[in-house]
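Scroll down for the structure; my scribbles are underneath it.
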Amino acid sequence: MFLHIENLTKIYTVDHETLVGVDNISLSIDRGEFLSIVGHSGSGKTTLVSIIGGILKPTAGRVLLEGVDICTLDDSKLSEYRANRIGFMFQFASLLPILTAKENVLLPGIFNPGPKTDKDKIARDLLEMVGIGEKLDSYPSQLSGGQQRRVAIARALLNKPDIILADEPTGDLDEETEAEIMHLLQEINKTQGVTIILITHNLGLAGKAQKQYRMSRGQLADI
Amino acid sequence: MAQISFISVALKNLKRKTFRTGVLVFAIALLVSLLIFAISFTVSVASSLKKSSERLGADLVVVPVGARGFAEEFLLESKNTSFYMPFSIIEKVRKIEGIEALTYHTYLSSISGLCCDIMPTRIVAYNPETDFIINPWLQKSLGRPLQLGEAIAGFGTSENLGLGLLDIEATIFNNRFKIVGVLEQTGTGLDHALFMTEENLQNIIESGKSPLKKGQISIIFTKLKKGLDPDFVGRILEGEIPEVDVVARSDMGEKFISTLADINKIFLLTTILASVLTTFLVWAIFSAIANERSKEIGIMRALGAKESHIVRLYLIEVLVLGLLGSIIGVLAGTYLSALLAGSFSLLKNISAGLTVNQQAVIAMVGLLVGTTICVTGAMMPINRIKKMEPLLVIKEE
Ligand SMILES: Nc1ncnc2c1ncn2[C@@H]1O[C@H](COP(=O)(O)OP(=O)(O)OP(=O)(O)O)[C@@H](O)[C@H]1O
Ligand SMILES: [Mg+2]
């Protein structure tokens, strides 16, 4: 099994009050699968993918990638996991304001001392691919919300991740662009065998995934 | 265009708030220049004292009892004072065990008025047969001994007397003297004296215009046999001859050293206070920076940055800040020291001046302290922020 999630639970504690973000979820995902998760706001979708992506510690349970529990890794190993294996597309604006579009795409490269490929060319190609090849040197403040999202998508692809965690990547894009991005993700999934977990409110998009799940109050169910 | 790196990102970060960056650089520069000035001052005073006492080439200096301070002022600081003891002391000193060689000086202050036609000057009369202090200097400058009726000016005196030209005649206590030259700079208080052999004193005393009486001398310089402890011999000397005080070479300038120690305490206190203040400022500013950029740090962590990467990124920023401030501080401090040197009487009378080596070491100390303080102040906030869970900071608005 490629990615195995076992009894995953996340309990948030704020001022002595507890809130269950993710409630005892177990799930197995094959390499190269494309799955979608829908669910109401606050149902725990972001919490779940954040734990899978190694940017949030679960309260209980395990996340096994090829048999290794990432929740027990030290900072260095966990960071390497994020750098080499995971491509994040955040729900929130996430570009660094001091860097241009291209520099933002290149940013994960400085944390990942991988093979000395021509990252500059890869970054330009990625931005071309997401449709803003002419905005290479624009700063985030000079880009529209949709353009910023595209930069973030290109950035998630730079290090050729095994798993893309796309948290509402098309949140504020028009239908046409949304379809384009979806097409792009499907393309990457098919040609490069990248595993994709897509969170979306758009049931139409969700329906295009191989496997579809719904989250509700921290629990996960097949559709 | 070049690919991005930790350095390029750190430099871009630095440019974000130029005013704040400027304030920080200024504060560090201020601290470092204070430090540089304090060290330069202390080191130059201390080392020129040491140099002066070594130049005199005597292990023990014997002066009339109570005149120890005057002697130091005369020899190191070039103050115009005179003090006398009877010639017979020389024989008593010579009998002390361990004395290998000795010579003596008689000091006189010329006064302006009827007797003399030069500015008030300190006159040093020496014994050319036994001398081991003036003769070596004379050898270099004149190449021959002084004759009766001849005098040679110390390096500093030439300016005071308006000399610079040789073969000038001067009247001192109604005696005509031919000034035959100027000595090289020795770095001692004697740079401000006029030298003549003691045979001239007879005529000066006979003129009746000087306070000097026959058979008086001011100071005895002694060299000890090898391996003897100057302090030990000095104590014996003072014990055997109650009319004298003895100053060992290592104790020369004790009066200054103790003043210097007090000044150092003030410097130390000021520097510590300034350091604490600057560290606090750096800490406050970097706390603000860490808070402002916590979301960005979270994003970088999510993209695969290790804690050590975050530290590296901010360390570069801090180091650039610290080095920039320190370099400006070193330059300003060095300039300030040179500028103010003239307005401190402690430095004016002693020939102060640091060697290039000393200046380099002081500059290095300044750089080190400035940068260390910067790094210390910044590391706490950075360490706090790098530990936070990425998702939680990413979601912060
Ligand atoms: N840092 C936190 N502290 C406390 N509670 C939190 C925290 N983050 C999320 N929660 C709570 O956990 C639950 C799940 O949040 P999560 O962000 O995973 O929802 P979501 O499904 O992604 O919602 P949305 O569709 O609006 O993005 C919510 O009830 C939320 O209030
Ligand atoms: Mg969410």
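Ordering of the structure tokens sets the chain letters (A, B, ...), residue numbers begin anew at 1 in every chain, and ligands are numbered from 1 in the order given.
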Exercise for review: Considering only C-alpha atoms, return as a VMD selection string whatever protein or nucleic-acid residues lie within 6 Å of stretch 9-26 of chain B, sequence-local ones (same chain, fewer than 4 positions apart) excluded.
Suggested key: chain B and resid 313 317 325
Kindly save the residues from that selection, with C-alpha atoms included, as a PDB file, in the first residue's frame.
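The result, written out as result-v6.pdb:
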ATOM      1  CA  LEU B 313      17.725  32.545   6.225  1.00  0.00           C
ATOM      2  CA  GLU B 317      19.709  38.813   7.399  1.00  0.00           C
ATOM      3  CA  GLY B 325      26.388  48.391  11.500  1.00  0.00           C
TER       4      GLY B 325
END
Practice item. Skip stretch 45-52 of chain A itself and residues of its chain fewer than 6 positions away, then list as JSON, numbers by chain all residues within 8 Å of it, counting only C-alpha atoms. Key: {"A": [10, 21, 22, 37, 38, 39, 58, 63, 165, 167, 199, 215, 218], "B": [391]}
Practice item. Return the single residue from A:Ala166, A:Ala83, A:Leu198, A:Leu95 that is closest to chain B, with distances computed using only C-alpha atoms. Key: A:Ala83
Could you give me, as JSON lines, a per-residue list for chain A showing, wherever an atom lies at most 10 Å from an atom of chain B, the closest pair of atoms and their distance in Å to one decimal, using only C-alpha atoms and sorting by chain then residue number from low to high?
{"residue": "A:Thr46", "atom": "CA", "partner": "B:Leu391", "partner_atom": "CA", "distance": 9.4}
{"residue": "A:Thr47", "atom": "CA", "partner": "B:Leu391", "partner_atom": "CA", "distance": 8.7}
{"residue": "A:Ser50", "atom": "CA", "partner": "B:Leu391", "partner_atom": "CA", "distance": 6.9}
{"residue": "A:Ile51", "atom": "CA", "partner": "B:Leu391", "partner_atom": "CA", "distance": 9.2}
{"residue": "A:Gly53", "atom": "CA", "partner": "B:Ala302", "partner_atom": "CA", "distance": 8.0}
{"residue": "A:Gly54", "atom": "CA", "partner": "B:Ala302", "partner_atom": "CA", "distance": 7.8}
{"residue": "A:Ile55", "atom": "CA", "partner": "B:Pro390", "partner_atom": "CA", "distance": 5.2}
{"residue": "A:Leu56", "atom": "CA", "partner": "B:Leu391", "partner_atom": "CA", "distance": 6.0}
{"residue": "A:Lys57", "atom": "CA", "partner": "B:Glu389", "partner_atom": "CA", "distance": 8.0}
{"residue": "A:Asp75", "atom": "CA", "partner": "B:Lys306", "partner_atom": "CA", "distance": 6.6}
{"residue": "A:Ser76", "atom": "CA", "partner": "B:Lys306", "partner_atom": "CA", "distance": 5.7}
{"residue": "A:Lys77", "atom": "CA", "partner": "B:Lys306", "partner_atom": "CA", "distance": 8.6}
{"residue": "A:Leu78", "atom": "CA", "partner": "B:Gly304", "partner_atom": "CA", "distance": 8.2}
{"residue": "A:Ser79", "atom": "CA", "partner": "B:Gly304", "partner_atom": "CA", "distance": 4.7}
{"residue": "A:Glu80", "atom": "CA", "partner": "B:Gly304", "partner_atom": "CA", "distance": 6.0}
{"residue": "A:Tyr81", "atom": "CA", "partner": "B:Gly304", "partner_atom": "CA", "distance": 7.4}
{"residue": "A:Arg82", "atom": "CA", "partner": "B:Gly304", "partner_atom": "CA", "distance": 4.8}
{"residue": "A:Ala83", "atom": "CA", "partner": "B:Gly304", "partner_atom": "CA", "distance": 3.9}
{"residue": "A:Asn84", "atom": "CA", "partner": "B:Gly304", "partner_atom": "CA", "distance": 7.7}
{"residue": "A:Arg85", "atom": "CA", "partner": "B:Gly304", "partner_atom": "CA", "distance": 9.5}
{"residue": "A:Ile86", "atom": "CA", "partner": "B:Leu303", "partner_atom": "CA", "distance": 8.1}
{"residue": "A:Gly87", "atom": "CA", "partner": "B:Leu303", "partner_atom": "CA", "distance": 7.6}
{"residue": "A:Phe88", "atom": "CA", "partner": "B:Leu303", "partner_atom": "CA", "distance": 7.3}
{"residue": "A:Phe90", "atom": "CA", "partner": "B:Ile394", "partner_atom": "CA", "distance": 9.2}
{"residue": "A:Gln91", "atom": "CA", "partner": "B:Lys395", "partner_atom": "CA", "distance": 9.3}
{"residue": "A:Phe92", "atom": "CA", "partner": "B:Lys395", "partner_atom": "CA", "distance": 7.3}
{"residue": "A:Ala93", "atom": "CA", "partner": "B:Ile394", "partner_atom": "CA", "distance": 9.1}
{"residue": "A:Ser94", "atom": "CA", "partner": "B:Ile299", "partner_atom": "CA", "distance": 6.6}
{"residue": "A:Leu95", "atom": "CA", "partner": "B:Glu296", "partner_atom": "CA", "distance": 7.9}
{"residue": "A:Leu96", "atom": "CA", "partner": "B:Glu296", "partner_atom": "CA", "distance": 6.3}
{"residue": "A:Pro97", "atom": "CA", "partner": "B:Glu296", "partner_atom": "CA", "distance": 8.9}
{"residue": "A:Ile98", "atom": "CA", "partner": "B:Lys12", "partner_atom": "CA", "distance": 6.5}
{"residue": "A:Leu99", "atom": "CA", "partner": "B:Val9", "partner_atom": "CA", "distance": 7.8}
{"residue": "A:Lys102", "atom": "CA", "partner": "B:Gln3", "partner_atom": "CA", "distance": 9.5}
{"residue": "A:Glu103", "atom": "CA", "partner": "B:Ile4", "partner_atom": "CA", "distance": 6.5}
{"residue": "A:Asn104", "atom": "CA", "partner": "B:Ile4", "partner_atom": "CA", "distance": 9.2}
{"residue": "A:Leu106", "atom": "CA", "partner": "B:Ile4", "partner_atom": "CA", "distance": 7.0}
{"residue": "A:Leu107", "atom": "CA", "partner": "B:Ile4", "partner_atom": "CA", "distance": 7.2}
{"residue": "A:Pro108", "atom": "CA", "partner": "B:Leu303", "partner_atom": "CA", "distance": 5.5}
{"residue": "A:Gly109", "atom": "CA", "partner": "B:Ile4", "partner_atom": "CA", "distance": 8.6}
{"residue": "A:Ile110", "atom": "CA", "partner": "B:Ser5", "partner_atom": "CA", "distance": 6.1}
{"residue": "A:Phe111", "atom": "CA", "partner": "B:Ala305", "partner_atom": "CA", "distance": 5.2}
{"residue": "A:Asn112", "atom": "CA", "partner": "B:Gly304", "partner_atom": "CA", "distance": 7.2}
{"residue": "A:Asp118", "atom": "CA", "partner": "B:Gln3", "partner_atom": "CA", "distance": 9.2}
{"residue": "A:Lys119", "atom": "CA", "partner": "B:Gln3", "partner_atom": "CA", "distance": 7.8}
{"residue": "A:Asp120", "atom": "CA", "partner": "B:Gln3", "partner_atom": "CA", "distance": 6.4}
{"residue": "A:Arg155", "atom": "CA", "partner": "B:Leu303", "partner_atom": "CA", "distance": 9.0}
{"residue": "A:Ala156", "atom": "CA", "partner": "B:Leu303", "partner_atom": "CA", "distance": 8.1}
{"residue": "A:Asn159", "atom": "CA", "partner": "B:Leu303", "partner_atom": "CA", "distance": 9.6}
Check your understanding: Quick one: distance from atom CA of A:Arg214 to atom CA of A:Ser36 in Å, one decimal?
Key ->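 One can read the atom CA of A:Arg214 to atom CA of A:Ser36 distance as 8.2 Å.
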Exercise for review: Choose the residue, out of A:Glu128, A:Glu168, A:Glu17, A:Asp30, that has the smallest atom-to-atom separation from ligand 2; count only C-alpha atoms and all ligand atoms.
Suggested key: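 The shortest atom-to-atom distance to ligand 2 comes from A:Glu168.
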